[in-house]
file final-v3.pdb (PDB, N, CA and C atoms)
ATOM      1  N   MET R   1     125.236  65.420 151.925  1.00  0.00           N
ATOM      2  CA  MET R   1     124.691  66.231 150.865  1.00  0.00           C
ATOM      3  C   MET R   1     124.173  65.341 149.748  1.00  0.00           C
ATOM      4  N   THR R   2     123.138  65.791 149.122  1.00  0.00           N
ATOM      5  CA  THR R   2     122.597  65.075 147.970  1.00  0.00           C
ATOM      6  C   THR R   2     122.545  66.025 146.782  1.00  0.00           C
ATOM      7  N   TRP R   3     123.015  65.525 145.705  1.00  0.00           N
ATOM      8  CA  TRP R   3     123.127  66.322 144.477  1.00  0.00           C
ATOM      9  C   TRP R   3     122.180  65.766 143.436  1.00  0.00           C
ATOM     10  N   LYS R   4     121.564  66.657 142.658  1.00  0.00           N
ATOM     11  CA  LYS R   4     120.706  66.214 141.556  1.00  0.00           C
ATOM     12  C   LYS R   4     120.623  67.324 140.517  1.00  0.00           C
ATOM     13  N   TRP R   5     120.139  66.939 139.349  1.00  0.00           N
ATOM     14  CA  TRP R   5     119.958  67.880 138.242  1.00  0.00           C
ATOM     15  C   TRP R   5     118.491  68.223 138.097  1.00  0.00           C
ATOM     16  N   ARG R   6     118.199  69.475 137.849  1.00  0.00           N
ATOM     17  CA  ARG R   6     116.860  69.920 137.467  1.00  0.00           C
ATOM     18  C   ARG R   6     116.877  70.064 135.953  1.00  0.00           C
ATOM     19  N   PHE R   7     115.935  69.406 135.284  1.00  0.00           N
ATOM     20  CA  PHE R   7     115.840  69.446 133.822  1.00  0.00           C
ATOM     21  C   PHE R   7     114.909  70.587 133.422  1.00  0.00           C
ATOM     22  N   LEU R   8     115.338  71.394 132.457  1.00  0.00           N
ATOM     23  CA  LEU R   8     114.578  72.571 132.054  1.00  0.00           C
ATOM     24  C   LEU R   8     114.299  72.591 130.552  1.00  0.00           C
ATOM     25  N   ALA R   9     113.126  73.098 130.212  1.00  0.00           N
ATOM     26  CA  ALA R   9     112.767  73.335 128.810  1.00  0.00           C
ATOM     27  C   ALA R   9     113.400  74.651 128.374  1.00  0.00           C
ATOM     28  N   ALA R  10     113.313  74.950 127.090  1.00  0.00           N
ATOM     29  CA  ALA R  10     113.890  76.186 126.550  1.00  0.00           C
ATOM     30  C   ALA R  10     113.281  77.430 127.196  1.00  0.00           C
ATOM     31  N   ASP R  11     112.024  77.333 127.636  1.00  0.00           N
ATOM     32  CA  ASP R  11     111.365  78.486 128.268  1.00  0.00           C
ATOM     33  C   ASP R  11     111.637  78.575 129.767  1.00  0.00           C
ATOM     34  N   GLY R  12     112.467  77.659 130.298  1.00  0.00           N
ATOM     35  CA  GLY R  12     112.860  77.707 131.705  1.00  0.00           C
ATOM     36  C   GLY R  12     112.012  76.899 132.658  1.00  0.00           C
ATOM     37  N   ARG R  13     110.924  76.316 132.156  1.00  0.00           N
ATOM     38  CA  ARG R  13     110.101  75.515 133.068  1.00  0.00           C
ATOM     39  C   ARG R  13     110.715  74.133 133.260  1.00  0.00           C
ATOM     40  N   GLU R  14     110.459  73.550 134.422  1.00  0.00           N
ATOM     41  CA  GLU R  14     110.985  72.228 134.737  1.00  0.00           C
ATOM     42  C   GLU R  14     110.254  71.182 133.900  1.00  0.00           C
ATOM     43  N   VAL R  15     111.009  70.235 133.356  1.00  0.00           N
ATOM     44  CA  VAL R  15     110.437  69.178 132.517  1.00  0.00           C
ATOM     45  C   VAL R  15     110.986  67.826 132.946  1.00  0.00           C
ATOM     46  N   SER R  16     110.309  66.773 132.490  1.00  0.00           N
ATOM     47  CA  SER R  16     110.835  65.421 132.657  1.00  0.00           C
ATOM     48  C   SER R  16     111.423  64.988 131.328  1.00  0.00           C
ATOM     49  N   ALA R  17     112.234  63.960 131.365  1.00  0.00           N
ATOM     50  CA  ALA R  17     112.870  63.441 130.150  1.00  0.00           C
ATOM     51  C   ALA R  17     112.650  61.938 130.117  1.00  0.00           C
ATOM     52  N   ALA R  18     112.025  61.466 129.050  1.00  0.00           N
ATOM     53  CA  ALA R  18     111.740  60.039 128.913  1.00  0.00           C
ATOM     54  C   ALA R  18     113.021  59.229 129.084  1.00  0.00           C
ATOM     55  N   GLY R  19     112.955  58.243 129.953  1.00  0.00           N
ATOM     56  CA  GLY R  19     114.102  57.368 130.176  1.00  0.00           C
ATOM     57  C   GLY R  19     115.076  57.861 131.234  1.00  0.00           C
ATOM     58  N   TYR R  20     114.791  59.021 131.847  1.00  0.00           N
ATOM     59  CA  TYR R  20     115.673  59.596 132.854  1.00  0.00           C
ATOM     60  C   TYR R  20     114.889  59.889 134.125  1.00  0.00           C
ATOM     61  N   ASP R  21     115.482  59.589 135.259  1.00  0.00           N
ATOM     62  CA  ASP R  21     114.872  59.841 136.554  1.00  0.00           C
ATOM     63  C   ASP R  21     115.263  61.239 137.022  1.00  0.00           C
ATOM     64  N   ALA R  22     114.332  62.167 137.000  1.00  0.00           N
ATOM     65  CA  ALA R  22     114.611  63.545 137.399  1.00  0.00           C
ATOM     66  C   ALA R  22     114.921  63.658 138.892  1.00  0.00           C
ATOM     67  N   GLN R  23     114.651  62.604 139.648  1.00  0.00           N
ATOM     68  CA  GLN R  23     114.935  62.620 141.086  1.00  0.00           C
ATOM     69  C   GLN R  23     116.210  61.848 141.435  1.00  0.00           C
ATOM     70  N   GLN R  24     116.952  61.429 140.416  1.00  0.00           N
ATOM     71  CA  GLN R  24     118.180  60.678 140.674  1.00  0.00           C
ATOM     72  C   GLN R  24     119.143  61.514 141.511  1.00  0.00           C
ATOM     73  N   MET R  25     119.631  60.922 142.592  1.00  0.00           N
ATOM     74  CA  MET R  25     120.551  61.605 143.507  1.00  0.00           C
ATOM     75  C   MET R  25     121.971  61.077 143.302  1.00  0.00           C
ATOM     76  N   PHE R  26     122.927  61.946 143.533  1.00  0.00           N
ATOM     77  CA  PHE R  26     124.339  61.596 143.413  1.00  0.00           C
ATOM     78  C   PHE R  26     125.026  61.913 144.739  1.00  0.00           C
ATOM     79  N   PRO R  27     126.016  61.124 145.124  1.00  0.00           N
ATOM     80  CA  PRO R  27     126.675  61.351 146.413  1.00  0.00           C
ATOM     81  C   PRO R  27     127.608  62.561 146.440  1.00  0.00           C
ATOM     82  N   SER R  28     128.003  63.042 145.263  1.00  0.00           N
ATOM     83  CA  SER R  28     128.927  64.177 145.228  1.00  0.00           C
ATOM     84  C   SER R  28     128.683  65.018 143.987  1.00  0.00           C
ATOM     85  N   GLN R  29     129.179  66.239 144.014  1.00  0.00           N
ATOM     86  CA  GLN R  29     129.086  67.113 142.850  1.00  0.00           C
ATOM     87  C   GLN R  29     129.830  66.482 141.677  1.00  0.00           C
ATOM     88  N   SER R  30     130.972  65.912 141.951  1.00  0.00           N
ATOM     89  CA  SER R  30     131.769  65.277 140.902  1.00  0.00           C
ATOM     90  C   SER R  30     131.006  64.140 140.221  1.00  0.00           C
ATOM     91  N   ASP R  31     130.310  63.320 141.014  1.00  0.00           N
ATOM     92  CA  ASP R  31     129.517  62.225 140.438  1.00  0.00           C
ATOM     93  C   ASP R  31     128.402  62.767 139.555  1.00  0.00           C
ATOM     94  N   ALA R  32     127.723  63.815 140.016  1.00  0.00           N
ATOM     95  CA  ALA R  32     126.644  64.424 139.238  1.00  0.00           C
ATOM     96  C   ALA R  32     127.183  64.982 137.919  1.00  0.00           C
ATOM     97  N   GLU R  33     128.301  65.666 137.975  1.00  0.00           N
ATOM     98  CA  GLU R  33     128.876  66.257 136.769  1.00  0.00           C
ATOM     99  C   GLU R  33     129.399  65.196 135.810  1.00  0.00           C
ATOM    100  N   SER R  34     129.959  64.126 136.330  1.00  0.00           N
ATOM    101  CA  SER R  34     130.421  63.029 135.466  1.00  0.00           C
ATOM    102  C   SER R  34     129.252  62.388 134.746  1.00  0.00           C
ATOM    103  N   TRP R  35     128.159  62.164 135.479  1.00  0.00           N
ATOM    104  CA  TRP R  35     126.959  61.587 134.871  1.00  0.00           C
ATOM    105  C   TRP R  35     126.451  62.486 133.749  1.00  0.00           C
ATOM    106  N   LEU R  36     126.383  63.784 134.003  1.00  0.00           N
ATOM    107  CA  LEU R  36     125.905  64.707 132.978  1.00  0.00           C
ATOM    108  C   LEU R  36     126.812  64.679 131.749  1.00  0.00           C
ATOM    109  N   GLY R  37     128.112  64.580 131.965  1.00  0.00           N
ATOM    110  CA  GLY R  37     129.054  64.509 130.855  1.00  0.00           C
ATOM    111  C   GLY R  37     128.797  63.318 129.944  1.00  0.00           C
ATOM    112  N   GLU R  38     128.268  62.238 130.515  1.00  0.00           N
ATOM    113  CA  GLU R  38     127.966  61.044 129.733  1.00  0.00           C
ATOM    114  C   GLU R  38     126.570  61.076 129.121  1.00  0.00           C
ATOM    115  N   GLU R  39     125.655  61.802 129.746  1.00  0.00           N
ATOM    116  CA  GLU R  39     124.240  61.717 129.372  1.00  0.00           C
ATOM    117  C   GLU R  39     123.655  62.957 128.693  1.00  0.00           C
ATOM    118  N   TRP R  40     124.417  64.039 128.565  1.00  0.00           N
ATOM    119  CA  TRP R  40     123.819  65.293 128.093  1.00  0.00           C
ATOM    120  C   TRP R  40     123.195  65.181 126.705  1.00  0.00           C
ATOM    121  N   ARG R  41     123.795  64.408 125.823  1.00  0.00           N
ATOM    122  CA  ARG R  41     123.240  64.273 124.467  1.00  0.00           C
ATOM    123  C   ARG R  41     121.870  63.600 124.497  1.00  0.00           C
ATOM    124  N   GLY R  42     121.760  62.560 125.302  1.00  0.00           N
ATOM    125  CA  GLY R  42     120.475  61.870 125.439  1.00  0.00           C
ATOM    126  C   GLY R  42     119.423  62.757 126.065  1.00  0.00           C
ATOM    127  N   LEU R  43     119.811  63.527 127.055  1.00  0.00           N
ATOM    128  CA  LEU R  43     118.879  64.465 127.673  1.00  0.00           C
ATOM    129  C   LEU R  43     118.395  65.494 126.649  1.00  0.00           C
ATOM    130  N   ALA R  44     119.325  66.023 125.879  1.00  0.00           N
ATOM    131  CA  ALA R  44     118.962  67.006 124.858  1.00  0.00           C
ATOM    132  C   ALA R  44     118.006  66.386 123.842  1.00  0.00           C
ATOM    133  N   ALA R  45     118.275  65.158 123.440  1.00  0.00           N
ATOM    134  CA  ALA R  45     117.405  64.472 122.490  1.00  0.00           C
ATOM    135  C   ALA R  45     116.016  64.212 123.079  1.00  0.00           C
ATOM    136  N   ALA R  46     115.934  64.100 124.411  1.00  0.00           N
ATOM    137  CA  ALA R  46     114.660  63.865 125.092  1.00  0.00           C
ATOM    138  C   ALA R  46     113.914  65.165 125.390  1.00  0.00           C
ATOM    139  N   GLY R  47     114.453  66.292 124.929  1.00  0.00           N
ATOM    140  CA  GLY R  47     113.749  67.553 125.074  1.00  0.00           C
ATOM    141  C   GLY R  47     114.221  68.464 126.189  1.00  0.00           C
ATOM    142  N   VAL R  48     115.321  68.109 126.847  1.00  0.00           N
ATOM    143  CA  VAL R  48     115.866  68.966 127.904  1.00  0.00           C
ATOM    144  C   VAL R  48     116.774  70.000 127.244  1.00  0.00           C
ATOM    145  N   ALA R  49     116.495  71.274 127.471  1.00  0.00           N
ATOM    146  CA  ALA R  49     117.278  72.347 126.862  1.00  0.00           C
ATOM    147  C   ALA R  49     118.414  72.818 127.759  1.00  0.00           C
ATOM    148  N   ALA R  50     118.230  72.681 129.074  1.00  0.00           N
ATOM    149  CA  ALA R  50     119.224  73.164 130.041  1.00  0.00           C
ATOM    150  C   ALA R  50     119.059  72.400 131.346  1.00  0.00           C
ATOM    151  N   VAL R  51     120.062  72.486 132.184  1.00  0.00           N
ATOM    152  CA  VAL R  51     120.021  71.843 133.497  1.00  0.00           C
ATOM    153  C   VAL R  51     120.542  72.812 134.558  1.00  0.00           C
ATOM    154  N   THR R  52     120.090  72.587 135.777  1.00  0.00           N
ATOM    155  CA  THR R  52     120.595  73.316 136.933  1.00  0.00           C
ATOM    156  C   THR R  52     121.022  72.284 137.964  1.00  0.00           C
ATOM    157  N   LEU R  53     122.197  72.461 138.536  1.00  0.00           N
ATOM    158  CA  LEU R  53     122.695  71.548 139.564  1.00  0.00           C
ATOM    159  C   LEU R  53     122.207  72.016 140.928  1.00  0.00           C
ATOM    160  N   LEU R  54     121.654  71.063 141.689  1.00  0.00           N
ATOM    161  CA  LEU R  54     121.153  71.343 143.033  1.00  0.00           C
ATOM    162  C   LEU R  54     121.927  70.539 144.066  1.00  0.00           C
ATOM    163  N   ASP R  55     122.204  71.163 145.203  1.00  0.00           N
ATOM    164  CA  ASP R  55     122.736  70.497 146.387  1.00  0.00           C
ATOM    165  C   ASP R  55     121.612  70.559 147.402  1.00  0.00           C
ATOM    166  N   ALA R  56     120.948  69.434 147.605  1.00  0.00           N
ATOM    167  CA  ALA R  56     119.674  69.399 148.320  1.00  0.00           C
ATOM    168  C   ALA R  56     118.716  70.269 147.510  1.00  0.00           C
ATOM    169  N   GLU R  57     118.230  71.376 148.041  1.00  0.00           N
ATOM    170  CA  GLU R  57     117.357  72.267 147.272  1.00  0.00           C
ATOM    171  C   GLU R  57     118.057  73.564 146.880  1.00  0.00           C
ATOM    172  N   ARG R  58     119.323  73.706 147.230  1.00  0.00           N
ATOM    173  CA  ARG R  58     120.080  74.919 146.924  1.00  0.00           C
ATOM    174  C   ARG R  58     120.638  74.835 145.508  1.00  0.00           C
ATOM    175  N   GLU R  59     120.380  75.876 144.703  1.00  0.00           N
ATOM    176  CA  GLU R  59     120.940  75.918 143.347  1.00  0.00           C
ATOM    177  C   GLU R  59     122.422  76.218 143.436  1.00  0.00           C
ATOM    178  N   VAL R  60     123.245  75.357 142.839  1.00  0.00           N
ATOM    179  CA  VAL R  60     124.696  75.524 142.836  1.00  0.00           C
ATOM    180  C   VAL R  60     125.107  76.328 141.595  1.00  0.00           C
ATOM    181  N   TYR R  61     124.617  75.910 140.429  1.00  0.00           N
ATOM    182  CA  TYR R  61     124.804  76.678 139.206  1.00  0.00           C
ATOM    183  C   TYR R  61     123.788  76.262 138.159  1.00  0.00           C
ATOM    184  N   GLY R  62     123.646  77.111 137.190  1.00  0.00           N
ATOM    185  CA  GLY R  62     122.706  76.875 136.113  1.00  0.00           C
ATOM    186  C   GLY R  62     121.717  78.018 136.056  1.00  0.00           C
ATOM    187  N   PRO R  63     120.876  78.015 135.060  1.00  0.00           N
ATOM    188  CA  PRO R  63     120.772  76.954 134.058  1.00  0.00           C
ATOM    189  C   PRO R  63     121.944  76.936 133.090  1.00  0.00           C
ATOM    190  N   MET R  64     122.308  75.736 132.714  1.00  0.00           N
ATOM    191  CA  MET R  64     123.408  75.512 131.789  1.00  0.00           C
ATOM    192  C   MET R  64     122.817  74.834 130.541  1.00  0.00           C
ATOM    193  N   SER R  65     123.010  75.436 129.403  1.00  0.00           N
ATOM    194  CA  SER R  65     122.470  74.934 128.153  1.00  0.00           C
ATOM    195  C   SER R  65     123.073  73.582 127.778  1.00  0.00           C
ATOM    196  N   LEU R  66     122.242  72.728 127.187  1.00  0.00           N
ATOM    197  CA  LEU R  66     122.728  71.466 126.640  1.00  0.00           C
ATOM    198  C   LEU R  66     122.927  71.540 125.133  1.00  0.00           C
ATOM    199  N   SER R  67     122.791  72.721 124.584  1.00  0.00           N
ATOM    200  CA  SER R  67     123.010  72.914 123.160  1.00  0.00           C
ATOM    201  C   SER R  67     124.499  72.708 122.840  1.00  0.00           C
ATOM    202  N   PRO R  68     124.813  71.915 121.816  1.00  0.00           N
ATOM    203  CA  PRO R  68     126.219  71.639 121.509  1.00  0.00           C
ATOM    204  C   PRO R  68     126.985  72.846 120.957  1.00  0.00           C
ATOM    205  N   GLY R  69     126.321  73.883 120.582  1.00  0.00           N
ATOM    206  CA  GLY R  69     127.038  74.985 119.982  1.00  0.00           C
ATOM    207  C   GLY R  69     126.656  76.269 120.469  1.00  0.00           C
TER     208      GLY R  69
END
call {"tool": "encode", "arguments": {"input": "final-v3.pdb", "output": "structure tokens"}}
result
Amino acid sequence: MTWKWRFLAADGREVSAAGYDAQQMFPSQSDAESWLGEEWRGLAAAGVAAVTLLDAEREVYGPMSLSPG
């Protein structure tokens, strides 16, 4: 299985984030979630409003807001 995050704008469209590889793959759900836990602030600062977790092309959950409050 390959896990990755889909980056979303506030209006729900897919976006890229400067300095982040939107195609970055993770070997496990846990690895993907740990990475997000470390990087969510930077993603938000780069214009990502929400993320969706994918297992291959299957949506696992999301969109999940990156807003701190």
call {"tool": "resolve_selection", "arguments": {"input": "final-v3.pdb", "expression": "the PyMOL selection byres ((chain R and resi 26) around 8)", "output": "list in words"}}
result
Met1, Thr2, Trp3, Lys4, Trp5, Gln23, Gln24, Met25, Pro27, Ser28, Gln29, Ser30, Asp31, Ala32 and Glu33 of chain R
call {"tool": "select_by_dssp", "arguments": {"input": "final-v3.pdb", "residues": "chain R", "states": "strand (DSSP E)", "output": "list in words"}}
result
Trp3, Lys4, Trp5, Arg6, Phe7, Leu8, Ala50, Val51, Thr52, Leu53, Leu54, Asp55, Arg58, Glu59, Val60, Tyr61, Gly62, Pro63, Met64 and Ser65 of chain R
call {"tool": "residues_around", "arguments": {"input": "final-v3.pdb", "residues": "Ser67 in chain R", "least_positions_apart": "4", "cutoff": "8 Å", "atoms": "all atoms listed in the file", "output": "VMD selection string"}}
result
chain R and resid 40 44 48 to 50
call {"tool": "write_last_selection", "arguments": {"input": "final-v3.pdb", "atoms": "N, CA and C atoms", "output": "compact mmCIF listing (two decimals), keeping the file's coordinate frame"}}
result
# COMPACT_ATOMS: atom_id res chain seq x y z
N TRP R 40 124.42 64.04 128.56
CA TRP R 40 123.82 65.29 128.09
C TRP R 40 123.20 65.18 126.70
N ALA R 44 119.32 66.02 125.88
CA ALA R 44 118.96 67.01 124.86
C ALA R 44 118.01 66.39 123.84
N VAL R 48 115.32 68.11 126.85
CA VAL R 48 115.87 68.97 127.90
C VAL R 48 116.77 70.00 127.24
N ALA R 49 116.50 71.27 127.47
CA ALA R 49 117.28 72.35 126.86
C ALA R 49 118.41 72.82 127.76
N ALA R 50 118.23 72.68 129.07
CA ALA R 50 119.22 73.16 130.04
C ALA R 50 119.06 72.40 131.35
call {"tool": "atom_distance", "arguments": {"input": "final-v3.pdb", "atom1": "CA of Tyr20 in chain R", "atom2": "CA of Leu66 in chain R"}}
result
15.1 Å
call {"tool": "resolve_selection", "arguments": {"input": "final-v3.pdb", "expression": "the PyMOL selection byres (((chain R and resi 43 and name CA) around 12) and name CA)", "output": "MDAnalysis selection string"}}
result
chainID R and resid 5:9 15:22 35:42 44:51 65:68
call {"tool": "atom_distance", "arguments": {"input": "final-v3.pdb", "atom1": "CA of Glu14 in chain R", "atom2": "CA of Leu54 in chain R"}}
result
13.2 Å
call {"tool": "atom_distance", "arguments": {"input": "final-v3.pdb", "atom1": "atom N of Gly69 in chain R", "atom2": "atom C of Asp55 in chain R"}}
result
27.4 Å
